[in-house]
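Structure data follow from run38.cif (mmCIF, C-alpha atoms):
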data_start
loop_
_atom_site.group_PDB
_atom_site.id
_atom_site.type_symbol
_atom_site.label_atom_id
_atom_site.label_comp_id
_atom_site.auth_asym_id
_atom_site.auth_seq_id
_atom_site.Cartn_x
_atom_site.Cartn_y
_atom_site.Cartn_z
ATOM 1 C CA MET A 5 59.383 -8.028 16.260
ATOM 2 C CA THR A 6 59.258 -4.279 17.009
ATOM 3 C CA ARG A 7 56.175 -2.457 18.254
ATOM 4 C CA THR A 8 55.701 -0.848 14.806
ATOM 5 C CA GLN A 9 55.930 -4.220 13.071
ATOM 6 C CA THR A 10 53.392 -5.687 15.519
ATOM 7 C CA ILE A 11 50.940 -2.831 14.919
ATOM 8 C CA SER A 12 51.424 -3.162 11.152
ATOM 9 C CA ALA A 13 50.823 -6.919 11.335
ATOM 10 C CA MET A 14 47.650 -6.359 13.392
ATOM 11 C CA MET A 15 46.385 -3.761 10.902
ATOM 12 C CA ILE A 16 47.031 -6.110 7.983
ATOM 13 C CA ALA A 17 45.237 -8.948 9.793
ATOM 14 C CA ALA A 18 42.254 -6.683 10.575
ATOM 15 C CA PHE A 19 42.121 -5.488 6.969
ATOM 16 C CA ALA A 20 42.315 -9.060 5.663
ATOM 17 C CA TRP A 21 39.547 -10.218 8.006
ATOM 18 C CA THR A 22 37.295 -7.264 7.091
ATOM 19 C CA SER A 23 37.931 -7.779 3.378
ATOM 20 C CA GLY A 24 37.171 -11.487 3.677
ATOM 21 C CA PHE A 25 33.991 -10.802 5.627
ATOM 22 C CA LEU A 26 32.768 -8.280 3.044
ATOM 23 C CA LEU A 27 33.675 -10.583 0.185
ATOM 24 C CA VAL A 28 31.740 -13.488 1.667
ATOM 25 C CA PHE A 29 28.746 -11.636 3.112
ATOM 26 C CA GLY A 30 28.676 -8.342 1.223
ATOM 27 C CA GLY A 31 27.922 -9.874 -2.155
ATOM 28 C CA CYS A 32 25.816 -12.847 -1.146
ATOM 29 C CA GLY A 33 22.747 -11.631 -3.044
ATOM 30 C CA TYR A 34 20.609 -11.078 0.047
ATOM 31 C CA HIS A 35 18.266 -8.137 -0.181
ATOM 32 C CA SER A 36 15.486 -6.680 1.889
ATOM 33 C CA VAL A 37 12.150 -5.999 0.250
ATOM 34 C CA SER A 38 9.903 -3.294 1.612
ATOM 35 C CA PRO A 39 6.386 -4.408 2.634
ATOM 36 C CA TYR A 40 4.897 -1.064 1.554
ATOM 37 C CA LEU A 41 2.651 -2.641 -1.131
ATOM 38 C CA ASN A 42 1.533 -5.793 0.692
ATOM 39 C CA HIS A 43 -2.114 -4.730 0.334
ATOM 40 C CA ILE A 44 -1.870 -4.865 -3.475
ATOM 41 C CA ASP A 45 -2.556 -8.236 -5.112
ATOM 42 C CA THR A 46 -3.445 -7.217 -8.673
ATOM 43 C CA ILE A 47 -2.404 -4.739 -11.353
ATOM 44 C CA THR A 48 -3.764 -3.248 -14.549
ATOM 45 C CA ILE A 49 -1.136 -2.343 -17.130
ATOM 46 C CA VAL A 50 -2.725 0.303 -19.318
ATOM 47 C CA PRO A 51 -1.600 0.027 -22.974
ATOM 48 C CA VAL A 52 1.406 2.307 -23.386
ATOM 49 C CA THR A 53 0.714 5.577 -25.172
ATOM 50 C CA ASN A 54 3.338 5.867 -27.884
ATOM 51 C CA GLN A 55 4.353 9.337 -29.076
ATOM 52 C CA THR A 56 7.451 8.098 -30.908
ATOM 53 C CA GLN A 57 7.881 7.466 -34.630
ATOM 54 C CA LEU A 58 8.392 3.733 -34.036
ATOM 55 C CA PHE A 59 4.833 2.415 -34.145
ATOM 56 C CA GLU A 60 5.509 -1.059 -32.708
ATOM 57 C CA LEU A 61 7.430 0.238 -29.676
ATOM 58 C CA GLY A 62 4.253 0.922 -27.689
ATOM 59 C CA ASP A 63 3.030 -2.661 -28.108
ATOM 60 C CA GLU A 64 6.476 -4.098 -27.333
ATOM 61 C CA MET A 65 6.709 -2.018 -24.153
ATOM 62 C CA THR A 66 3.157 -2.904 -23.055
ATOM 63 C CA THR A 67 3.818 -6.631 -23.491
ATOM 64 C CA ALA A 68 7.121 -6.429 -21.586
ATOM 65 C CA LEU A 69 5.548 -4.470 -18.703
ATOM 66 C CA GLN A 70 2.662 -6.941 -18.441
ATOM 67 C CA SER A 71 5.041 -9.869 -18.364
ATOM 68 C CA ARG A 72 7.382 -8.344 -15.792
ATOM 69 C CA PHE A 73 4.807 -6.940 -13.359
ATOM 70 C CA ARG A 74 2.620 -10.029 -13.504
ATOM 71 C CA SER A 75 5.468 -11.997 -11.979
ATOM 72 C CA LYS A 76 4.340 -10.355 -8.721
ATOM 73 C CA TRP A 77 0.702 -9.410 -9.274
ATOM 74 C CA THR A 78 -2.153 -10.929 -11.271
ATOM 75 C CA THR A 79 -4.480 -8.962 -13.526
ATOM 76 C CA GLY A 80 -6.964 -6.866 -11.578
ATOM 77 C CA GLN A 81 -7.902 -3.462 -10.227
ATOM 78 C CA ASP A 82 -5.840 -3.041 -7.004
ATOM 79 C CA SER A 83 -3.260 -0.934 -8.836
ATOM 80 C CA GLU A 84 -2.663 0.623 -12.228
ATOM 81 C CA LEU A 85 0.451 1.472 -14.209
ATOM 82 C CA GLU A 86 0.197 3.902 -17.082
ATOM 83 C CA MET A 87 3.016 5.087 -19.289
ATOM 84 C CA THR A 88 3.645 7.450 -22.172
ATOM 85 C CA LEU A 89 6.637 6.899 -24.456
ATOM 86 C CA LEU A 90 7.872 10.367 -25.308
ATOM 87 C CA GLU A 91 11.070 9.636 -27.199
ATOM 88 C CA TYR A 92 13.063 6.743 -28.586
ATOM 89 C CA ASP A 93 16.365 7.145 -30.375
ATOM 90 C CA TYR A 94 19.911 5.920 -30.630
ATOM 91 C CA GLU A 95 23.158 7.673 -31.402
ATOM 92 C CA PRO A 96 26.785 6.667 -31.911
ATOM 93 C CA LEU A 97 29.066 6.840 -28.882
ATOM 94 C CA ARG A 98 32.345 5.586 -30.309
ATOM 95 C CA PHE A 99 33.886 5.454 -33.765
ATOM 96 C CA ASP A 100 36.591 3.273 -35.294
ATOM 97 C CA VAL A 101 39.683 4.593 -37.110
ATOM 98 C CA ASN A 102 37.623 4.983 -40.315
ATOM 99 C CA ASN A 103 35.077 7.135 -38.461
ATOM 100 C CA GLN A 104 32.425 4.377 -38.589
ATOM 101 C CA PRO A 105 30.217 3.948 -35.501
ATOM 102 C CA GLU A 106 31.014 0.862 -33.426
ATOM 103 C CA ARG A 107 29.325 1.616 -30.072
ATOM 104 C CA TRP A 108 25.853 3.054 -29.748
ATOM 105 C CA ARG A 109 23.567 4.422 -27.020
ATOM 106 C CA MET A 110 19.876 3.660 -27.337
ATOM 107 C CA TYR A 111 17.387 5.360 -25.057
ATOM 108 C CA VAL A 112 13.750 5.887 -24.213
ATOM 109 C CA ARG A 113 12.226 8.846 -22.430
ATOM 110 C CA VAL A 114 8.913 8.235 -20.675
ATOM 111 C CA ASN A 115 6.349 9.554 -18.233
ATOM 112 C CA TYR A 116 4.818 6.979 -15.919
ATOM 113 C CA ARG A 117 2.361 6.893 -13.053
ATOM 114 C CA PHE A 118 1.603 4.069 -10.631
ATOM 115 C CA TYR A 119 -1.737 4.246 -8.777
ATOM 116 C CA ASP A 120 -2.767 2.419 -5.629
ATOM 117 C CA ASN A 121 -6.527 1.968 -6.136
ATOM 118 C CA VAL A 122 -6.953 0.225 -2.751
ATOM 119 C CA GLU A 123 -5.789 3.258 -0.765
ATOM 120 C CA ASN A 124 -6.756 5.704 -3.535
ATOM 121 C CA ARG A 125 -3.346 7.347 -3.880
ATOM 122 C CA ILE A 126 -0.551 7.847 -6.364
ATOM 123 C CA ILE A 127 2.492 5.764 -5.440
ATOM 124 C CA THR A 128 4.777 7.411 -7.977
ATOM 125 C CA ASP A 129 4.413 9.931 -10.781
ATOM 126 C CA VAL A 130 7.559 10.472 -12.855
ATOM 127 C CA GLU A 131 7.998 12.740 -15.861
ATOM 128 C CA ASP A 132 10.821 12.696 -18.411
ATOM 129 C CA TYR A 133 12.481 9.547 -17.076
ATOM 130 C CA GLU A 134 15.274 8.552 -19.450
ATOM 131 C CA PHE A 135 16.748 5.072 -19.652
ATOM 132 C CA HIS A 136 19.900 4.240 -21.666
ATOM 133 C CA TYR A 137 21.232 1.039 -23.159
ATOM 134 C CA ASP A 138 24.716 0.945 -24.722
ATOM 135 C CA PHE A 139 25.706 -1.691 -27.265
ATOM 136 C CA TRP A 140 28.433 -2.628 -29.736
ATOM 137 C CA THR A 141 27.892 -3.321 -33.431
ATOM 138 C CA VAL A 142 31.374 -4.806 -33.957
ATOM 139 C CA THR A 143 33.141 -7.902 -32.648
ATOM 140 C CA GLY A 144 36.185 -8.047 -30.403
ATOM 141 C CA ARG A 145 34.963 -5.635 -27.742
ATOM 142 C CA GLY A 146 34.148 -8.087 -24.949
ATOM 143 C CA GLU A 147 30.438 -8.190 -25.780
ATOM 144 C CA ASP A 148 28.525 -9.737 -28.639
ATOM 145 C CA PRO A 149 27.603 -7.270 -31.383
ATOM 146 C CA GLU A 150 23.914 -6.355 -31.613
ATOM 147 C CA ASP A 151 21.681 -5.087 -34.379
ATOM 148 C CA GLU A 152 18.992 -2.465 -33.721
ATOM 149 C CA GLN A 153 16.197 -4.973 -33.096
ATOM 150 C CA THR A 154 18.238 -7.025 -30.589
ATOM 151 C CA ALA A 155 19.419 -3.875 -28.818
ATOM 152 C CA ARG A 156 15.850 -2.552 -28.638
ATOM 153 C CA GLY A 157 14.696 -5.844 -27.086
ATOM 154 C CA ASN A 158 17.489 -5.617 -24.515
ATOM 155 C CA LEU A 159 16.678 -1.952 -23.817
ATOM 156 C CA ILE A 160 13.036 -2.842 -23.181
ATOM 157 C CA LYS A 161 13.928 -5.803 -20.944
ATOM 158 C CA GLU A 162 16.424 -3.842 -18.847
ATOM 159 C CA PHE A 163 14.078 -0.851 -18.632
ATOM 160 C CA THR A 164 11.101 -2.940 -17.483
ATOM 161 C CA ASP A 165 13.302 -4.768 -14.945
ATOM 162 C CA ALA A 166 14.577 -1.452 -13.548
ATOM 163 C CA LEU A 167 11.045 -0.042 -13.374
ATOM 164 C CA TYR A 168 9.738 -3.201 -11.693
ATOM 165 C CA TYR A 169 12.429 -3.128 -9.012
ATOM 166 C CA THR A 170 11.841 0.587 -8.433
ATOM 167 C CA ILE A 171 8.064 0.306 -8.109
ATOM 168 C CA ALA A 172 7.211 -3.225 -7.011
ATOM 169 C CA GLU A 173 10.189 -4.148 -4.855
ATOM 170 C CA GLN A 174 11.409 -0.693 -3.699
ATOM 171 C CA TRP A 175 15.097 -1.467 -4.238
#
Please, can you express the file's structure as structure tokens?
Amino acid sequence: MTRTQTISAMMIAAFAWTSGFLLVFGGCGYHSVSPYLNHIDTITIVPVTNQTQLFELGDEMTTALQSRFRSKWTTGQDSELEMTLLEYDYEPLRFDVNNQPERWRMYVRVNYRFYDNVENRIITDVEDYEFHYDFWTVTGRGEDPEDEQTARGNLIKEFTDALYYTIAEQW
């Protein structure tokens, strides 16, 4: 074996070992959670203020937030989350050959504020946060088709999960 072939073989072996290591340990699901809110044991979820045309969206969002955040904290006054729904809409993203929509983007735009009442400070105050959810309304695209109500439920679930991980777990 020549010197070049030996170096190439060593580089391939090092690459294979590194790739294997990252494959096994890089995606193992381990995560580190910040202890920055350890002093908070309870939360108040203020009913969501709804400025959209979809009346029931405020109640749906409030219920989802209560459910998600109460997986970590019980009801109480240590912290407070308030939110205003500014906009809710959906629009076509992709059309079929007959110019009929087959893929849609649904979104909400919100303001939210999370208070730490124990230390009397604002943890986060975000304006005009927009969250998107894309969905298909036709079959054969690798995902199940969804109607508006199902897509809205999925939008709310994914939004509340993302907000929870941002605020409560600091991911």
Between atom CA of A:Gly146 and atom CA of A:Ala166 lies a distance of 23.6 Å
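When the PyMOL selection byres ((chain A and resi 164) around 10) is run on the displayed coordinates, the residues it returns are Met65, Thr66, Ala68, Leu69, Gln70, Ser71, Arg72, Phe73, Asn158, Leu159, Ile160, Lys161, Glu162, Phe163, Asp165, Ala166, Leu167, Tyr168, Tyr169 and Thr170 of chain A.
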Can you give me, as a VMD selection string, the residues this file yields under the PyMOL selection byres ((chain A and resi 40-53) around 10)?
-> chain A and resid 37 to 39 54 to 56 61 to 67 69 to 71 73 to 74 76 to 90 114 to 116 118 to 123 127 171 to 174
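For the choices A:Glu106, A:Glu95, A:Asp100, A:Glu60, the atom-to-atom distance to A:Thr141 is smallest for A:Glu106 when using all atoms listed in the file.
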Compare A:Phe59, A:Ser75, A:Arg98, A:Arg125 by their minimum atom-to-atom distance to A:Asp138, counting all atoms listed in the file, and give me the closest one.
-> A:Arg98
Could you check how far atom CA of A:Arg113 sits from atom CA of A:Thr143, in Å to one decimal?
->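 About the pair atom CA of A:Arg113 and atom CA of A:Thr143: they are 28.7 Å apart.
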